[in-house]
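Trainee: My questions will all concern the structure given below.
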Amino acid sequence: MSWEPNPLEQRRLEKMELLREAGLNPFPLRAQRTHTAAQALSAFATAEAEQAPEAEPITAILCGRIVSLRDKGKLVFSHIEDESGRLQLFLRQDDLGEEAHKLFKKGIDLGDFVQATGNLFRTKAGEISLNVSEWTILSKAVSPLPVAKEQEVDGQLVRYSAFADVEERYRQRYADLAVNREVRDIFRARAKLVSALRRFLDDHGFLEVETPILQPLYGGAAARPFTTHHNQLKQDLYLRISFELYLKRLLVGGLERVYEIGRDFRNEGVSFKHNPEFTQLEFYAAYWDYHDVMDFTEKMVAYAAEQVTGNSVIQYGPHTINLAPPWRRVTMREAIKQYAEIDYVEHPTAESLSAAIRAMGGNAPTGASWGKLIDGLLGDYVEPNLIQPTFITQYPRDISPLAKAIPEDPTHVERFEYFMAGMEMGNAFTELNDPLDQEQRFVDMLAMYKTDDDESNPLDEDYLRAMRYGMPPNGGFGTGVDRLTMLLTNHSTIRDVLLFPHLREK
C-alpha cells in the first residue's frame, strides 16, 4: 500500500477482519432502508399523539453513520445520523443475541455506516429510539473522523472546529461535511439560492441556455484567461472568463430573454472574495436598458433572499441589511465626491487625475488610464462604505467597452455595479448594439492597453459579424453566485461557500 496506516487505523483494519471472520462483508453490495431518521421520528411522534392503545409498534430499518457510542455492558446506546438528522439506537443484548451484541461492541467504530432494524419506542429518559433487533455493517470507516470539541466559555457552550488547521477543512471538505452539520447547511442554502434565481428568471420569461466553456477567443470581462490546447485540432483554446458575448449572439438569433448559470474561469489572484473558478449568473433581455435591469435585479435578489432565509432583511457580520426594493441609486461621480472628496470630472486627463489622487495620499498606478484611476477611487474609498444595497451608475467609457455611451456625456456609459456589505456583487450595462461603434471600442482598447494587460481582450470578429446582422437593444447583467451565497449565509470568505476551493499545493 502507498498509504501507511497509523496505529488507530491499523486497529480499525483489524476490526474489519473481525467482521469478515464473523461472515459480514464490511462493504456489502446493497442496503435496505424503510425510513430516514426524520421520517422515523415523525412517524413515531404521530402515532404517539394518536394514543391508539392497540396500535402495532412501528418497525423501521435505518441506515447511516455512527456518530456516538456509549457502552453500558449489556446495553449500548448509539446515535445513527443520515442527511435528515439523527436517531438513537438502543442495542440490548437480550434483544440482539449475545454474538451480534458482542460483535457490534468489538467491531463498530465512530464513523462506520450501519443498517439497523427494530421497533421505535421512547426511553425512560424521553428520547425516541430504535430498539435494535438486527444490524449489519454497510461501510467500515478505516480512518477516524476529526472530532469537534465543546467547551464552556463565559457560561456559553462553544463548539470548536474539528480541524486544528482551518485550511485542512477546505483540503478535506468531505470530512468537514461529515462532522459539521452547519457546513452541510451552507451548501443546502447555496442550492436553494440557485433554484430561486432560476425559478425567478424562468417565471419572467427567460430561457436557460448553455454556451461554450472552451472558446477560441476570450472576452466579455477584464480578466486574464486560462489557456489550453486541443491536440487533434492543433488549436489553442481558452476557458471562458464570461458568458456575455455568446449570450448576446443569441439575441441576434431571435431569443429575446436568455440566461446562464455556470462556471467562469479567471487566471487571477485568490482572496476572500476571489477563486480562479467561480459560479456566475448572467442574463440578457431585449428591449431593456440598465434602468430596467436595476428594477429587475433588486426584485430578484430580494426574492432569492426570502426563499433562502425566509426574509429580505438579513444579518451579515455586524450589519443588518435590508434587501427589499427600492435600493439606493447614485452615480459614480456623486459617490466618489461623497467618500473620496474629489471631483474627477475636474481632472479630465489621466495625468491630471493621477496627480490629484497622489496629492490626497491615494494610490495612482503609473500608466493607469483615466477610467482605471476612477475605478481605483471607487474600490479604495467608496466600496467599503456601501453596506446597504446600492447601485453605482454611469461608469467611465474607457473601462466599459460593451456599454452604450450616455448621449449627453460621451465620456460615461450606461453601466452599473451593485454593492452591499462592502462588496461589489454584480455588473450590468445598457448593451452596445452598434457593430461599428463596437469594433472601434475594441480597437481603442487594444491600443490603450498593453497586450499582457488583464484589461486587453482580442478583437472578436465573429461577435462583430453577429452584430452586423442586427442586435436588438438590450440590457445585460452578471452576478457572482458565490458572493450571494456568502451574503445569505453570513460568511466572510468565499472558501466557506465553495465545496472545493482552490488551494496552494502543500
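Chain labels A, B, ... are given in the sequence in which chains occur in the C-alpha cells; within each chain residues are numbered consecutively from 1, and ligands are likewise numbered from 1 in the order shown.
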Quick one: residues within 12 Å of Tyr339 in chain A, only C-alpha atoms counted, chain neighbours fewer than 5 positions away excluded, as a ChimeraX atom specification?

Mentor: /A:332-334,377-386

Trainee: Env of Arg441 in chain A: 8 Å cut, atoms = only C-alpha atoms, seq-sep filter 4 positions within chain, self excluded. Answer as a list in words.

Mentor: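 My list of contacting residues is Pro401, Leu402, Asp437 and Met445 of chain A.
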
Trainee: With C-alpha atoms kept, could you save the residues just selected as a PDB file, in the first residue's frame?

Mentor:
```pdb
ATOM      1  CA  PRO A 401     -16.207  48.738 -23.937  1.00  0.00           C
ATOM      2  CA  LEU A 402     -19.518  46.839 -24.225  1.00  0.00           C
ATOM      3  CA  ASP A 437     -19.015  51.553 -32.593  1.00  0.00           C
ATOM      4  CA  MET A 445      -8.958  49.065 -26.053  1.00  0.00           C
TER       5      MET A 445
END
```

Trainee: Need the shell around Ala350 in chain A: protein/DNA/RNA residues with any atom at most 6 Å away, counting only C-alpha atoms. Skip same-chain ones fewer than 2 positions apart. Format as a PyMOL selection string?

Mentor: chain A and resi 352-354+369-370

Trainee: Dump C-alpha atoms for the selected residues as a JSON list (two decimals), in the first residue's frame?

Mentor:
```json
[["chain", "number", "residue", "atom", "x", "y", "z"],
["A", 352, "SER", "CA", -4.21, 65.41, -14.07],
["A", 353, "LEU", "CA", -6.29, 62.89, -12.14],
["A", 354, "SER", "CA", -3.24, 60.85, -11.17],
["A", 369, "SER", "CA", -5.93, 55.15, -17.79],
["A", 370, "TRP", "CA", -8.41, 57.80, -16.65]]
```

Trainee: Do you know which residues are at most 9 Å from Asp82 in chain A counting only C-alpha atoms, after dropping those on the same chain fewer than 6 positions away, and could you put them as a compact mmCIF listing (two decimals) with C-alpha atoms, in the first residue's frame?

Mentor:
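This went into result.txt:
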```
# COMPACT_ATOMS: atom_id res chain seq x y z
CA THR A 36 -34.84 8.21 7.19
CA ALA A 37 -34.12 9.37 10.74
CA ALA A 38 -36.53 12.28 10.30
CA LEU A 62 -32.43 2.89 9.37
CA CYS A 63 -29.15 3.45 7.55
CA GLY A 64 -26.50 6.00 8.43
CA ARG A 65 -23.22 6.88 10.11
```

Trainee: Extract, using only C-alpha atoms, all DNA, RNA and protein residues at most 12 Å from Trp3 in chain A, discarding same-chain residues fewer than 4 positions from it, and format them as a PyMOL selection string.

Mentor: chain A and resi 9-10+142-143

Trainee: So that I can see what lies close to Asp176 in chain A, please list as a PyMOL selection string the residues with an atom at most 9 Å from it, counting only C-alpha atoms and leaving out residues fewer than 4 positions away in the same chain.

Mentor: chain A and resi 145-146+161-163+168-170+172+180-181+183-184

Trainee: Let's see if you can do this: from backbone DSSP, list all alpha helix (DSSP H) residues in range 279-470 of chain A, as an MDAnalysis selection string.

Mentor: chainID A and resid 290:309 332:339 350:359 370:377 435:448 461:468

Trainee: Between A:Val345, A:Ile392, A:Ile387, A:Leu193, which has the minimum distance to Gly371 in chain A (counting only C-alpha atoms)?

Mentor: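 Checking each of A:Val345, A:Ile392, A:Ile387, A:Leu193 against Gly371 in chain A, counting only C-alpha atoms, the winner is A:Val345.
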
Trainee: Rounded to one decimal in Å, what is the spacing between CA of Pro407 in chain A and CA of Asp462 in chain A?

Mentor: 27.5 Å

Trainee: I'd like the interatomic distance between CA of Ala305 in chain A and CA of Tyr284 in chain A, to a tenth of an Å.

Mentor: 21.8 Å

Trainee: Closest to Ala324 in chain A among A:Thr366, A:Ser271, A:Thr390, A:Gln338, using only C-alpha atoms?

Mentor: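 Of the candidates, the smallest distance to Ala324 in chain A is held by A:Thr390.
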
Trainee: Can you tell me which residues surround Ile241 in chain A at a distance of at most 12 Å, considering only C-alpha atoms, apart from same-chain residues fewer than 2 positions away, and format the answer as a VMD selection string?

Mentor: chain A and resid 211 to 215 217 to 227 238 to 239 243 to 246 262 to 268 276 to 280 454 to 455 457 478

Trainee: Go through A:Gly253, A:Pro26, A:Gly480, A:Pro472 and flag the residue nearest His274 in chain A, using only C-alpha atoms for the distances.

Mentor: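 Under the stated criterion, the closest residue is A:Gly480.
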
Trainee: For a quick check of understanding, using only C-alpha atoms, which of A:Ala359, A:Ile186, A:Ala466, A:Ala100 has the smallest distance to Leu247 in chain A?

Mentor: A:Ala466

Trainee: Per residue of range 162-207 of chain A within 10 Å of range 297-302 of chain A, note the shortest atom pair and the distance in Å to one decimal, counting only C-alpha atoms, and order the rows by chain and increasing residue number, as JSON lines.

Mentor:
```
{"residue": "A:Leu193", "atom": "CA", "partner": "A:Val301", "partner_atom": "CA", "distance": 9.5}
{"residue": "A:Ala196", "atom": "CA", "partner": "A:Met300", "partner_atom": "CA", "distance": 8.7}
{"residue": "A:Leu197", "atom": "CA", "partner": "A:Met300", "partner_atom": "CA", "distance": 7.0}
{"residue": "A:Arg198", "atom": "CA", "partner": "A:Met300", "partner_atom": "CA", "distance": 9.9}
{"residue": "A:Arg199", "atom": "CA", "partner": "A:Met300", "partner_atom": "CA", "distance": 9.9}
{"residue": "A:Phe200", "atom": "CA", "partner": "A:Met300", "partner_atom": "CA", "distance": 6.6}
{"residue": "A:Leu201", "atom": "CA", "partner": "A:Met300", "partner_atom": "CA", "distance": 8.1}
```

Trainee: Go ahead and write the residues just picked, C-alpha atoms, as a CSV table (one decimal), in the first residue's frame.

Mentor:
```
chain,number,residue,atom,x,y,z
A,193,LEU,CA,-30.3,30.2,-3.9
A,196,ALA,CA,-34.6,30.5,-6.5
A,197,LEU,CA,-32.6,32.5,-9.1
A,198,ARG,CA,-33.5,30.0,-11.8
A,199,ARG,CA,-37.2,30.0,-10.8
A,200,PHE,CA,-37.4,33.8,-10.8
A,201,LEU,CA,-35.8,34.1,-14.2
```
